[in-house]
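Structure file model_13.txt (compact mmCIF, C-alpha atoms) follows.
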```
# COMPACT_ATOMS: atom_id res chain seq x y z
CA MET A 1 -46.69 18.01 19.82
CA ARG A 2 -43.03 17.25 20.42
CA ASP A 3 -41.76 14.25 18.50
CA ILE A 4 -40.16 11.93 21.01
CA THR A 5 -39.23 9.28 18.49
CA PRO A 6 -35.55 10.26 18.35
CA ILE A 7 -35.35 10.15 22.16
CA LEU A 8 -36.89 6.71 22.27
CA ARG A 9 -34.59 5.49 19.58
CA ARG A 10 -31.53 6.77 21.33
CA ASP A 11 -32.63 5.21 24.61
CA LEU A 12 -33.31 1.92 22.95
CA LYS A 13 -29.90 1.96 21.37
CA VAL A 14 -28.32 2.45 24.77
CA THR A 15 -30.19 -0.45 26.30
CA ARG A 16 -29.40 -2.63 23.34
CA SER A 17 -25.67 -2.13 23.20
CA GLY A 18 -25.59 -2.41 26.98
CA GLU A 19 -26.66 -6.00 26.68
CA ALA A 20 -24.45 -6.91 23.78
CA GLY A 21 -24.74 -10.50 22.73
CA ARG A 22 -28.26 -10.83 23.98
CA SER A 23 -29.97 -8.71 21.40
CA LEU A 24 -28.63 -9.32 17.95
CA PHE A 25 -32.07 -9.83 16.59
CA ALA A 26 -34.46 -8.06 18.92
CA ILE A 27 -37.72 -9.90 19.27
CA ASP A 28 -40.77 -7.89 18.33
CA HIS A 29 -42.50 -8.03 21.64
CA TYR A 30 -39.34 -7.23 23.57
CA GLU A 31 -38.81 -4.13 21.51
CA GLY A 32 -42.48 -3.29 22.02
CA GLU A 33 -42.19 -3.77 25.77
CA ASP A 34 -39.12 -1.59 25.95
CA MET A 35 -40.82 1.09 24.00
CA ARG A 36 -43.95 0.99 26.09
CA LYS A 37 -42.01 1.16 29.34
CA ARG A 38 -40.03 4.15 28.21
CA ALA A 39 -42.94 5.89 26.63
CA SER A 40 -45.12 5.50 29.70
CA ILE A 41 -42.58 7.49 31.62
CA ILE A 42 -43.25 10.38 29.28
CA THR A 43 -46.96 10.10 28.54
CA GLY A 44 -49.42 7.31 28.21
CA VAL A 45 -51.05 8.89 25.20
CA LEU A 46 -47.84 8.91 23.24
CA ALA A 47 -47.23 5.32 24.22
CA THR A 48 -50.47 4.30 22.61
CA LEU A 49 -49.61 6.25 19.51
CA LEU A 50 -46.21 4.61 19.27
CA ALA A 51 -47.57 1.14 19.69
CA SER A 52 -50.17 1.74 17.00
CA SER A 53 -49.61 0.80 13.40
CA ALA A 54 -49.89 4.44 12.43
CA TYR A 55 -46.38 4.78 13.77
CA ALA A 56 -45.15 1.71 11.91
CA ALA A 57 -46.55 3.04 8.64
CA ALA A 58 -44.54 6.22 9.10
CA GLU A 59 -41.29 4.26 9.12
CA THR A 60 -39.04 4.88 6.15
CA GLY A 61 -37.23 2.19 4.20
CA LYS A 62 -34.10 3.14 6.07
CA ASP A 63 -35.85 2.88 9.45
CA ILE A 64 -37.03 -0.60 8.55
CA ALA A 65 -33.62 -1.69 7.28
CA PHE A 66 -31.92 -0.42 10.45
CA ASN A 67 -34.55 -1.67 12.91
CA ARG A 68 -33.24 -4.73 14.76
CA SER A 69 -36.65 -6.30 14.98
CA LYS A 70 -37.30 -5.77 11.24
CA GLY A 71 -34.61 -5.83 8.53
CA ASN A 72 -31.63 -5.61 10.86
CA CYS A 73 -29.55 -5.51 7.69
CA LEU A 74 -26.61 -3.96 9.55
CA ALA A 75 -26.21 -7.16 11.54
CA CYS A 76 -24.63 -8.63 8.41
CA HIS A 77 -24.09 -5.87 5.83
CA ALA A 78 -22.05 -2.69 5.76
CA MET A 79 -23.57 0.28 3.94
CA PRO A 80 -20.46 2.20 2.95
CA ALA A 81 -22.50 5.05 1.45
CA LEU A 82 -24.08 5.90 4.80
CA PRO A 83 -21.99 7.47 7.56
CA ASP A 84 -24.56 6.53 10.21
CA ALA A 85 -24.52 2.82 9.36
CA GLU A 86 -22.45 2.08 12.45
CA GLN A 87 -20.91 -1.18 13.64
CA PRO A 88 -22.04 -3.28 10.72
CA GLY A 89 -21.55 -7.02 10.65
CA GLU A 90 -19.46 -8.61 7.96
CA SER A 91 -21.08 -11.89 7.02
CA GLY A 92 -22.86 -10.47 3.96
CA PRO A 93 -21.43 -8.37 1.11
CA PRO A 94 -21.46 -4.56 1.54
CA LEU A 95 -24.62 -3.01 0.18
CA ILE A 96 -23.39 -0.41 -2.27
CA ALA A 97 -24.08 0.68 -5.86
CA MET A 98 -27.23 -1.35 -5.69
CA GLN A 99 -28.93 0.13 -8.73
CA ALA A 100 -25.92 -0.65 -10.92
CA ARG A 101 -25.52 -4.13 -9.54
CA PHE A 102 -29.22 -4.97 -9.55
CA PRO A 103 -30.61 -3.21 -12.64
CA ASP A 104 -33.70 -5.40 -12.35
CA LYS A 105 -35.46 -4.31 -9.18
CA LYS A 106 -37.40 -7.56 -9.12
CA VAL A 107 -34.18 -9.53 -8.68
CA LEU A 108 -33.19 -7.38 -5.73
CA ARG A 109 -36.63 -7.71 -4.18
CA ALA A 110 -36.55 -11.48 -4.63
CA LYS A 111 -33.18 -11.67 -2.87
CA ILE A 112 -34.65 -9.95 0.17
CA TRP A 113 -37.94 -11.82 0.06
CA ASP A 114 -36.11 -15.17 0.19
CA ALA A 115 -32.33 -15.24 -0.13
CA THR A 116 -32.35 -19.03 0.07
CA ALA A 117 -34.20 -19.27 -3.26
CA SER A 118 -31.07 -18.24 -5.20
CA ASN A 119 -28.67 -19.70 -2.64
CA PRO A 120 -30.04 -22.52 -0.47
CA GLU A 121 -27.08 -22.21 1.90
CA SER A 122 -27.62 -18.50 2.41
CA PHE A 123 -27.25 -17.27 5.96
CA MET A 124 -29.64 -14.43 5.22
CA PRO A 125 -33.10 -14.77 6.79
CA PRO A 126 -35.96 -15.09 4.28
CA MET A 127 -37.49 -11.72 5.10
CA GLY A 128 -40.70 -12.02 3.10
CA LYS A 129 -41.22 -15.77 3.05
CA HIS A 130 -40.99 -15.95 6.84
CA GLN A 131 -42.81 -12.67 7.37
CA VAL A 132 -39.96 -10.96 9.14
CA MET A 133 -41.05 -7.93 7.12
CA THR A 134 -44.36 -7.16 5.40
CA GLU A 135 -44.59 -6.87 1.60
CA GLU A 136 -44.96 -3.11 1.94
CA GLU A 137 -41.90 -2.91 4.16
CA ILE A 138 -39.86 -4.88 1.64
CA ASP A 139 -40.92 -2.48 -1.11
CA LYS A 140 -39.74 0.43 1.00
CA VAL A 141 -36.41 -1.25 1.73
CA VAL A 142 -35.87 -1.95 -1.98
CA GLU A 143 -36.39 1.76 -2.74
CA PHE A 144 -34.00 2.63 0.07
CA LEU A 145 -31.36 0.22 -1.31
CA TYR A 146 -31.65 1.81 -4.74
CA GLY A 147 -30.35 5.01 -3.16
CA LEU A 148 -27.21 3.26 -1.91
CA MET B 1 -33.53 -40.69 -23.99
CA LYS B 2 -34.66 -43.78 -22.19
CA LYS B 3 -31.09 -44.94 -22.06
CA ILE B 4 -29.95 -41.72 -20.43
CA VAL B 5 -32.63 -41.96 -17.78
CA LYS B 6 -31.68 -45.53 -17.07
CA LYS B 7 -28.02 -44.60 -16.84
CA THR B 8 -28.81 -41.75 -14.49
CA LEU B 9 -30.91 -44.02 -12.32
CA ILE B 10 -28.11 -46.53 -12.07
CA ALA B 11 -25.67 -43.76 -11.25
CA MET B 12 -28.04 -42.41 -8.62
CA ALA B 13 -28.52 -45.83 -7.10
CA GLY B 14 -24.76 -46.20 -6.94
CA LEU B 15 -24.49 -42.86 -5.25
CA GLY B 16 -27.24 -43.78 -2.81
CA VAL B 17 -25.40 -46.93 -1.80
CA LEU B 18 -22.24 -44.96 -1.40
CA MET B 19 -23.90 -42.31 0.69
CA GLY B 20 -25.54 -44.95 2.81
CA ALA B 21 -22.17 -46.51 3.44
CA VAL B 22 -20.63 -43.18 4.34
CA SER B 23 -23.35 -42.18 6.75
CA ALA B 24 -23.24 -45.59 8.42
CA ASN B 25 -19.54 -45.07 9.07
CA ALA B 26 -19.70 -41.41 9.94
CA GLY B 27 -19.66 -41.34 13.69
CA PRO B 28 -19.02 -38.72 16.32
CA GLU B 29 -15.26 -38.87 15.89
CA GLU B 30 -15.52 -38.24 12.13
CA ASP B 31 -17.91 -35.38 12.82
CA ARG B 32 -15.50 -33.83 15.29
CA LEU B 33 -12.43 -34.23 13.09
CA LYS B 34 -14.30 -32.71 10.18
CA LEU B 35 -15.00 -29.62 12.23
CA VAL B 36 -11.48 -29.45 13.65
CA ASN B 37 -10.10 -29.54 10.09
CA HIS B 38 -12.64 -27.04 8.86
CA PHE B 39 -11.47 -24.55 11.49
CA LYS B 40 -7.81 -25.40 10.98
CA ASN B 41 -8.13 -24.44 7.32
CA LYS B 42 -10.11 -21.36 8.12
CA PHE B 43 -7.88 -20.16 10.97
CA PRO B 44 -4.38 -21.54 10.35
CA ASP B 45 -2.88 -19.29 13.05
CA LEU B 46 -5.23 -20.41 15.80
CA LYS B 47 -3.63 -22.86 18.20
CA GLN B 48 -5.54 -25.85 19.53
CA GLU B 49 -5.52 -24.45 23.06
CA ASP B 50 -6.97 -21.13 21.84
CA TYR B 51 -10.31 -22.72 21.07
CA ILE B 52 -11.37 -22.79 24.71
CA LEU B 53 -11.29 -18.98 24.60
CA SER B 54 -14.15 -18.98 22.10
CA ALA B 55 -14.68 -15.53 20.54
CA LEU B 56 -11.84 -14.05 22.63
CA ALA B 57 -9.37 -15.96 20.50
CA PHE B 58 -10.15 -13.62 17.59
CA ASP B 59 -10.06 -10.35 19.48
CA PRO B 60 -6.80 -9.37 21.22
CA ASP B 61 -8.40 -6.32 22.89
CA ALA B 62 -11.22 -8.36 24.39
CA LYS B 63 -8.70 -11.02 25.37
CA SER B 64 -6.49 -8.60 27.31
CA GLN B 65 -9.58 -7.20 29.02
CA TYR B 66 -10.50 -10.76 29.90
CA ASP B 67 -7.02 -11.47 31.24
CA SER B 68 -7.14 -8.51 33.59
CA ILE B 69 -10.62 -9.42 34.83
CA MET B 70 -9.50 -13.00 35.40
CA GLU B 71 -6.73 -11.81 37.73
CA PHE B 72 -9.33 -10.79 40.28
CA PRO B 73 -12.54 -12.44 39.15
CA PRO B 74 -15.62 -10.52 40.34
CA TYR B 75 -17.50 -13.76 40.98
CA THR B 76 -15.38 -15.43 43.69
CA ASP B 77 -18.28 -15.01 46.17
CA GLU B 78 -20.40 -17.22 43.98
CA LEU B 79 -17.70 -19.88 43.86
CA ASP B 80 -17.35 -19.74 47.65
CA LYS B 81 -21.06 -20.35 48.01
CA GLY B 82 -20.71 -23.26 45.59
CA LYS B 83 -17.86 -24.68 47.60
CA LYS B 84 -20.02 -24.56 50.72
CA LEU B 85 -22.80 -26.45 48.92
CA TRP B 86 -20.27 -28.98 47.68
CA SER B 87 -18.82 -29.70 51.12
CA THR B 88 -22.08 -29.73 53.11
CA PRO B 89 -22.97 -33.36 53.87
CA LEU B 90 -26.24 -34.70 52.47
CA LYS B 91 -28.98 -36.15 54.73
CA SER B 92 -27.29 -39.54 54.87
CA GLY B 93 -24.08 -37.93 56.11
CA LYS B 94 -22.32 -38.64 52.84
CA THR B 95 -21.02 -35.96 50.51
CA TYR B 96 -21.08 -35.51 46.75
CA ALA B 97 -17.44 -36.53 46.73
CA ASP B 98 -18.53 -39.93 48.06
CA CYS B 99 -21.00 -40.40 45.19
CA LEU B 100 -18.75 -39.52 42.32
CA PRO B 101 -15.73 -41.34 40.96
CA ASN B 102 -12.36 -39.95 42.08
CA GLY B 103 -14.01 -37.80 44.74
CA GLY B 104 -15.48 -35.63 41.98
CA LYS B 105 -12.06 -34.49 40.78
CA ASN B 106 -11.18 -34.62 37.08
CA VAL B 107 -14.51 -36.18 36.14
CA ALA B 108 -16.55 -33.25 34.81
CA GLY B 109 -15.08 -33.72 31.32
CA ASN B 110 -16.75 -37.12 31.08
CA TYR B 111 -20.20 -35.53 31.21
CA PRO B 112 -22.74 -35.72 29.74
CA ILE B 113 -22.68 -39.50 29.65
CA PHE B 114 -25.27 -41.80 28.14
CA ASP B 115 -26.67 -44.03 30.87
CA ASN B 116 -27.80 -47.32 29.36
CA THR B 117 -29.85 -48.33 32.40
CA LEU B 118 -31.77 -45.07 32.45
CA GLY B 119 -31.79 -45.04 28.64
CA LYS B 120 -30.94 -41.36 28.47
CA VAL B 121 -28.29 -38.69 28.60
CA VAL B 122 -27.14 -37.83 32.12
CA THR B 123 -25.60 -34.41 32.48
CA LEU B 124 -23.30 -33.51 35.36
CA GLU B 125 -26.28 -31.75 36.94
CA ASP B 126 -28.32 -34.95 36.67
CA ALA B 127 -25.49 -36.96 38.25
CA LEU B 128 -25.38 -34.56 41.20
CA ASN B 129 -29.15 -34.81 41.59
CA LEU B 130 -29.00 -38.61 41.46
CA CYS B 131 -26.49 -38.38 44.29
CA ARG B 132 -28.79 -36.09 46.28
CA VAL B 133 -31.77 -38.39 45.88
CA ALA B 134 -29.75 -41.51 46.72
CA ASN B 135 -28.72 -39.80 49.95
CA GLY B 136 -32.16 -38.70 51.07
CA ASP B 137 -32.24 -35.16 49.68
CA GLU B 138 -34.63 -33.52 47.26
CA PRO B 139 -33.18 -32.95 43.79
CA TYR B 140 -32.27 -29.35 42.95
CA LYS B 141 -34.06 -27.60 40.13
CA ILE B 142 -31.76 -27.91 37.10
CA GLY B 143 -32.08 -24.27 36.09
CA ASP B 144 -31.66 -22.84 39.62
CA ASP B 145 -28.49 -20.76 39.62
CA ASN B 146 -28.42 -20.33 43.42
CA THR B 147 -28.23 -24.06 44.10
CA MET B 148 -27.36 -26.28 41.14
CA GLY B 149 -25.64 -23.44 39.28
CA ARG B 150 -23.30 -22.53 42.13
CA LEU B 151 -22.69 -26.16 42.99
CA THR B 152 -21.52 -26.99 39.47
CA ALA B 153 -19.60 -23.70 39.18
CA TYR B 154 -17.41 -24.84 42.05
CA MET B 155 -17.46 -28.55 41.29
CA ARG B 156 -16.23 -28.07 37.72
CA THR B 157 -13.16 -26.16 38.92
CA LEU B 158 -12.03 -29.50 40.38
CA SER B 159 -11.63 -30.68 36.78
CA ASP B 160 -9.61 -27.74 35.48
CA GLY B 161 -7.02 -29.04 33.05
CA MET B 162 -8.89 -32.27 32.39
CA LYS B 163 -9.39 -33.01 28.72
CA MET B 164 -12.99 -33.28 27.59
CA ASN B 165 -13.70 -36.92 27.05
CA ILE B 166 -17.29 -37.58 25.98
CA LYS B 167 -18.07 -41.13 24.88
CA VAL B 168 -20.76 -42.24 22.49
CA GLU B 169 -21.07 -46.03 22.62
CA GLY B 170 -24.05 -48.17 21.79
CA GLU B 171 -27.30 -47.68 19.99
CA GLY B 172 -29.06 -45.53 22.59
CA ALA B 173 -26.07 -43.23 22.92
CA MET B 174 -25.81 -42.88 19.17
CA LYS B 175 -29.48 -41.98 18.89
CA ALA B 176 -29.18 -39.29 21.54
CA TYR B 177 -26.06 -37.95 19.83
CA GLU B 178 -27.80 -37.84 16.45
CA ASP B 179 -30.75 -36.05 17.99
CA GLY B 180 -28.42 -33.42 19.44
CA LYS B 181 -26.66 -33.12 16.12
CA SER B 182 -29.89 -32.47 14.26
CA THR B 183 -30.84 -29.78 16.77
CA PHE B 184 -27.46 -28.20 16.15
CA TYR B 185 -27.64 -28.26 12.37
CA GLY B 186 -31.38 -27.84 11.85
CA ARG B 187 -32.45 -24.48 10.45
CA VAL B 188 -35.52 -23.31 12.30
CA GLY B 189 -37.53 -20.35 13.39
CA GLN B 190 -38.56 -17.16 11.69
CA LEU B 191 -34.98 -16.18 10.94
CA ASN B 192 -34.12 -19.64 9.63
CA PHE B 193 -30.86 -20.07 11.55
CA SER B 194 -29.17 -23.19 12.85
CA CYS B 195 -26.55 -23.18 15.59
CA GLY B 196 -24.13 -24.32 12.90
CA ASN B 197 -24.88 -21.33 10.66
CA CYS B 198 -23.38 -19.10 13.30
CA HIS B 199 -20.85 -21.30 15.08
CA VAL B 200 -19.53 -23.29 12.10
CA ASP B 201 -20.16 -21.37 8.84
CA ASN B 202 -19.74 -17.89 10.31
CA ALA B 203 -17.28 -18.54 13.11
CA GLY B 204 -14.71 -15.77 13.33
CA VAL B 205 -17.10 -13.41 11.53
CA ARG B 206 -18.87 -10.47 13.11
CA ILE B 207 -22.58 -10.10 13.12
CA ARG B 208 -23.19 -6.59 14.33
CA SER B 209 -20.33 -6.04 16.73
CA GLU B 210 -20.38 -9.63 17.98
CA LEU B 211 -17.65 -12.04 16.93
CA LEU B 212 -18.99 -15.52 16.47
CA SER B 213 -17.11 -18.31 18.24
CA PRO B 214 -16.40 -21.74 16.71
CA VAL B 215 -18.36 -24.66 18.14
CA VAL B 216 -15.12 -26.50 18.90
CA GLY B 217 -14.11 -25.43 22.42
CA GLN B 218 -17.46 -23.93 23.37
CA ALA B 219 -18.30 -26.58 25.97
CA THR B 220 -15.13 -26.39 28.04
CA HIS B 221 -15.75 -23.58 30.53
CA TRP B 222 -19.17 -23.60 32.17
CA PRO B 223 -20.88 -22.09 34.02
CA ALA B 224 -19.49 -18.77 32.79
CA PHE B 225 -20.02 -15.51 34.64
CA ARG B 226 -21.45 -12.98 32.27
CA GLY B 227 -20.98 -9.28 32.78
CA GLY B 228 -19.08 -9.96 36.01
CA ASP B 229 -21.05 -12.20 38.30
CA LYS B 230 -24.16 -13.40 36.45
CA LEU B 231 -23.85 -17.14 36.58
CA THR B 232 -24.77 -18.66 33.21
CA THR B 233 -24.85 -22.39 32.61
CA LEU B 234 -24.20 -23.92 29.22
CA GLN B 235 -27.88 -24.70 28.71
CA GLU B 236 -28.81 -21.17 29.74
CA ARG B 237 -26.49 -20.05 26.98
CA TYR B 238 -28.38 -22.29 24.51
CA LYS B 239 -31.54 -20.62 25.67
CA GLY B 240 -29.96 -17.20 25.17
CA CYS B 241 -28.93 -17.99 21.61
CA GLN B 242 -32.33 -19.38 20.76
CA ASN B 243 -34.09 -16.36 22.25
CA ASN B 244 -31.77 -14.13 20.35
CA VAL B 245 -32.68 -15.60 17.01
CA ARG B 246 -36.38 -16.02 17.81
CA HIS B 247 -36.53 -19.75 18.35
CA ALA B 248 -38.76 -21.01 21.11
CA PRO B 249 -36.25 -21.99 23.81
CA ASP B 250 -36.57 -24.98 26.14
CA LYS B 251 -36.21 -25.10 29.88
CA PRO B 252 -32.70 -26.21 30.91
CA GLY B 253 -32.75 -29.94 31.51
CA SER B 254 -35.12 -30.78 28.63
CA THR B 255 -34.35 -33.91 26.63
CA ARG B 256 -33.64 -31.78 23.57
CA TYR B 257 -31.10 -29.64 25.44
CA ASN B 258 -29.49 -32.65 27.12
CA ASN B 259 -29.01 -34.34 23.75
CA LEU B 260 -27.73 -31.09 22.28
CA GLU B 261 -25.25 -30.79 25.15
CA TYR B 262 -24.15 -34.37 24.51
CA PHE B 263 -23.36 -33.67 20.85
CA HIS B 264 -22.04 -30.17 21.57
CA SER B 265 -19.68 -31.37 24.33
CA TYR B 266 -18.33 -34.15 22.15
CA MET B 267 -17.17 -31.51 19.66
CA SER B 268 -14.83 -30.16 22.39
CA ASN B 269 -13.25 -33.56 23.10
CA GLY B 270 -9.52 -33.42 23.74
CA LEU B 271 -9.58 -29.77 24.82
CA GLU B 272 -8.74 -28.72 28.35
CA MET B 273 -11.48 -27.65 30.70
CA LYS B 274 -11.29 -24.32 32.42
CA SER B 275 -13.91 -23.19 34.94
CA SER B 276 -15.04 -20.66 35.84
CA VAL B 277 -14.54 -17.90 33.36
CA PHE B 278 -15.69 -14.39 32.69
CA ARG B 279 -17.79 -13.68 29.62
CA LYS B 280 -19.28 -10.37 28.63
```

Here is the file; what I need is its structure written in the form of structure tokens.
Amino acid sequence: MRDITPILRRDLKVTRSGEAGRSLFAIDHYEGEDMRKRASIITGVLATLLASSAYAAAETGKDIAFNRSKGNCLACHAMPALPDAEQPGESGPPLIAMQARFPDKKVLRAKIWDATASNPESFMPPMGKHQVMTEEEIDKVVEFLYGL
Amino acid sequence: MKKIVKKTLIAMAGLGVLMGAVSANAGPEEDRLKLVNHFKNKFPDLKQEDYILSALAFDPDAKSQYDSIMEFPPYTDELDKGKKLWSTPLKSGKTYADCLPNGGKNVAGNYPIFDNTLGKVVTLEDALNLCRVANGDEPYKIGDDNTMGRLTAYMRTLSDGMKMNIKVEGEGAMKAYEDGKSTFYGRVGQLNFSCGNCHVDNAGVRIRSELLSPVVGQATHWPAFRGGDKLTTLQERYKGCQNNVRHAPDKPGSTRYNNLEYFHSYMSNGLEMKSSVFRK
């Protein structure tokens, strides 16, 4: 079976940047709707597969970090180590040399789970506390960050 | 130990009194000046009149694109339709110009006002609807771009160059203002953002590829025409921002939005109005 995920992603990206300013933090069900619409053009079966959690579970830490309806880390952070981390925002510090800067993984995880715990004024959304990401997704993102 | 606690308590009580005194004095004008100074320190090169440009003031490329679009605005049809609505007499034979002070010219910057008789904030849209009803017509739907939207898009151009001049006087007005202020600064929703997080703390900063505009100046140029000719009212913009950051938005015209517009417009006081403008 041909993997259409890259096609869908590319299409989504086009739609998204086309409506700049209206989609900084894509809402889950919007993203889902978009996906379903596009997928149904190709095949209904694939659409169901994509919408299922089996697809979500296959997402890598990087996918989750880049996904606008999940981590959306690029909205605020550059990732200088990654050439495909395009058009990053600048409100947060660049995510680089993470392992050296956060030798204790727990500290890094806690920052992502709830940035306001260590800095009440933090602009960063409390990813775990407000269930923007699941615990498993946060674990994956932490592993991904350790590679930066 | 006991002594220390006692001392601390006394100090805290002192502080409490002080803070009480400060917040009793802190009014809209102090709030506005605080923001103006905040941005002045942050952007020393930005001139007062640049603030009405919002995010364009930080992006010369986007600004020159804007300038060329503004030479031949793609939305003049919409303004013409608004002009027709504005000049068509109401059922009584009177026009909007008869209802409003100064024939409706150079008045838009006074709105929203707080109407003590009605006990609530009256936006320019509300004032036009009051005029319609008083002259035998049905009110327009506040969020309807084809009627109220076009009407205000034209009507506000009659106030170009007027300085925003919102007044907050009296207890009711102050309450509505405070309510709007807490909507603006309250962190809410899954992503835990307030309007102020983006348009005060992070103004001039990019999130993704979007430059965030300062709150000061944001209320001076509505409705804007986004992407060419999509009429967008100020409250529709509120809705857009809330949608964007996963807050449950209101319908335009809600009490919460009207109070927010009251506070939000006050923060642009003293700046020149300019309708209608292009926004991407």

Would you list the contacts of Cys73 in chain A as a compact mmCIF listing (two decimals) with C-alpha atoms, in the coordinates of the input, taking every protein, DNA or RNA residue within 10 Å and counting all atoms listed in the file, but skipping same-chain residues closer than 5 positions in sequence?
```
# COMPACT_ATOMS: atom_id res chain seq x y z
CA LYS A 62 -34.10 3.14 6.07
CA ILE A 64 -37.03 -0.60 8.55
CA ALA A 65 -33.62 -1.69 7.28
CA PHE A 66 -31.92 -0.42 10.45
CA ASN A 67 -34.55 -1.67 12.91
CA ARG A 68 -33.24 -4.73 14.76
CA ALA A 78 -22.05 -2.69 5.76
CA MET A 79 -23.57 0.28 3.94
CA ALA A 85 -24.52 2.82 9.36
CA PRO A 88 -22.04 -3.28 10.72
CA GLY A 89 -21.55 -7.02 10.65
CA GLY A 92 -22.86 -10.47 3.96
CA LEU A 95 -24.62 -3.01 0.18
CA MET A 124 -29.64 -14.43 5.22
CA PRO A 125 -33.10 -14.77 6.79
CA ILE B 207 -22.58 -10.10 13.12
CA ARG B 208 -23.19 -6.59 14.33
```

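Atom pair CA of Leu46 in chain B / CA of Lys274 in chain B: separated by 18.1 Å.
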
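With only C-alpha atoms as the basis for measurement, B:Ala55 is the residue among B:Val133, B:Met174, B:Ala55, B:Val277 that approaches chain A most closely.
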
Kindly give the distance, in Å, that separates CA of Leu211 in chain B and CA of Arg226 in chain B, rounded to a single decimal. 15.8 Å

Using 3 Å of padding on each side, determine the axis-aligned box around all atoms of range 129-140 of chain B present in the file and give its centre and edge lengths in Å to one decimal, as lines of an AutoDock Vina configuration file.
```
center_x = -30.6
center_y = -35.4
center_z = 46.3
size_x = 14.1
size_y = 18.2
size_z = 15.6
```

Taking all atoms listed in the file into account, what are the residues of chain B at most 12 Å from chain A, put as a compact mmCIF listing (two decimals) with C-alpha atoms, keeping the file's coordinate frame?
```
# COMPACT_ATOMS: atom_id res chain seq x y z
CA ALA B 55 -14.68 -15.53 20.54
CA ARG B 187 -32.45 -24.48 10.45
CA VAL B 188 -35.52 -23.31 12.30
CA GLY B 189 -37.53 -20.35 13.39
CA GLN B 190 -38.56 -17.16 11.69
CA LEU B 191 -34.98 -16.18 10.94
CA ASN B 192 -34.12 -19.64 9.63
CA PHE B 193 -30.86 -20.07 11.55
CA SER B 194 -29.17 -23.19 12.85
CA CYS B 195 -26.55 -23.18 15.59
CA GLY B 196 -24.13 -24.32 12.90
CA ASN B 197 -24.88 -21.33 10.66
CA CYS B 198 -23.38 -19.10 13.30
CA HIS B 199 -20.85 -21.30 15.08
CA VAL B 200 -19.53 -23.29 12.10
CA ASP B 201 -20.16 -21.37 8.84
CA ASN B 202 -19.74 -17.89 10.31
CA ALA B 203 -17.28 -18.54 13.11
CA GLY B 204 -14.71 -15.77 13.33
CA VAL B 205 -17.10 -13.41 11.53
CA ARG B 206 -18.87 -10.47 13.11
CA ILE B 207 -22.58 -10.10 13.12
CA ARG B 208 -23.19 -6.59 14.33
CA SER B 209 -20.33 -6.04 16.73
CA GLU B 210 -20.38 -9.63 17.98
CA LEU B 211 -17.65 -12.04 16.93
CA LEU B 212 -18.99 -15.52 16.47
CA SER B 213 -17.11 -18.31 18.24
CA ARG B 226 -21.45 -12.98 32.27
CA GLY B 227 -20.98 -9.28 32.78
CA GLU B 236 -28.81 -21.17 29.74
CA ARG B 237 -26.49 -20.05 26.98
CA TYR B 238 -28.38 -22.29 24.51
CA LYS B 239 -31.54 -20.62 25.67
CA GLY B 240 -29.96 -17.20 25.17
CA CYS B 241 -28.93 -17.99 21.61
CA GLN B 242 -32.33 -19.38 20.76
CA ASN B 243 -34.09 -16.36 22.25
CA ASN B 244 -31.77 -14.13 20.35
CA VAL B 245 -32.68 -15.60 17.01
CA ARG B 246 -36.38 -16.02 17.81
CA HIS B 247 -36.53 -19.75 18.35
CA ALA B 248 -38.76 -21.01 21.11
CA ARG B 279 -17.79 -13.68 29.62
CA LYS B 280 -19.28 -10.37 28.63
```

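Take CA of Gly109 in chain B and CA of Ser159 in chain B: the distance between them is 7.1 Å.
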
Which residues are close to Asn146 in chain B, i.e. within 9 Å by all atoms listed in the file, leaving aside same-chain residues fewer than 2 positions away? Reply as a PyMOL selection string. chain B and resi 78+81-82+144+148-151+231

From the coordinates supplied, range 106-118 of chain B should be written with C-alpha atoms, as a CSV table (one decimal), in the first residue's frame.
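Full text of out.csv as output:
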```csv
chain,number,residue,atom,x,y,z
B,106,ASN,CA,-15.6,62.5,13.2
B,107,VAL,CA,-17.6,60.7,15.8
B,108,ALA,CA,-16.5,57.0,15.4
B,109,GLY,CA,-13.5,57.6,17.7
B,110,ASN,CA,-15.8,58.2,20.6
B,111,TYR,CA,-17.2,54.6,20.4
B,112,PRO,CA,-17.7,52.4,22.3
B,113,ILE,CA,-19.4,54.7,24.8
B,114,PHE,CA,-20.9,53.6,28.2
B,115,ASP,CA,-24.5,54.6,28.2
B,116,ASN,CA,-25.7,55.2,31.7
B,117,THR,CA,-29.4,55.0,30.9
B,118,LEU,CA,-29.0,51.6,29.2
```
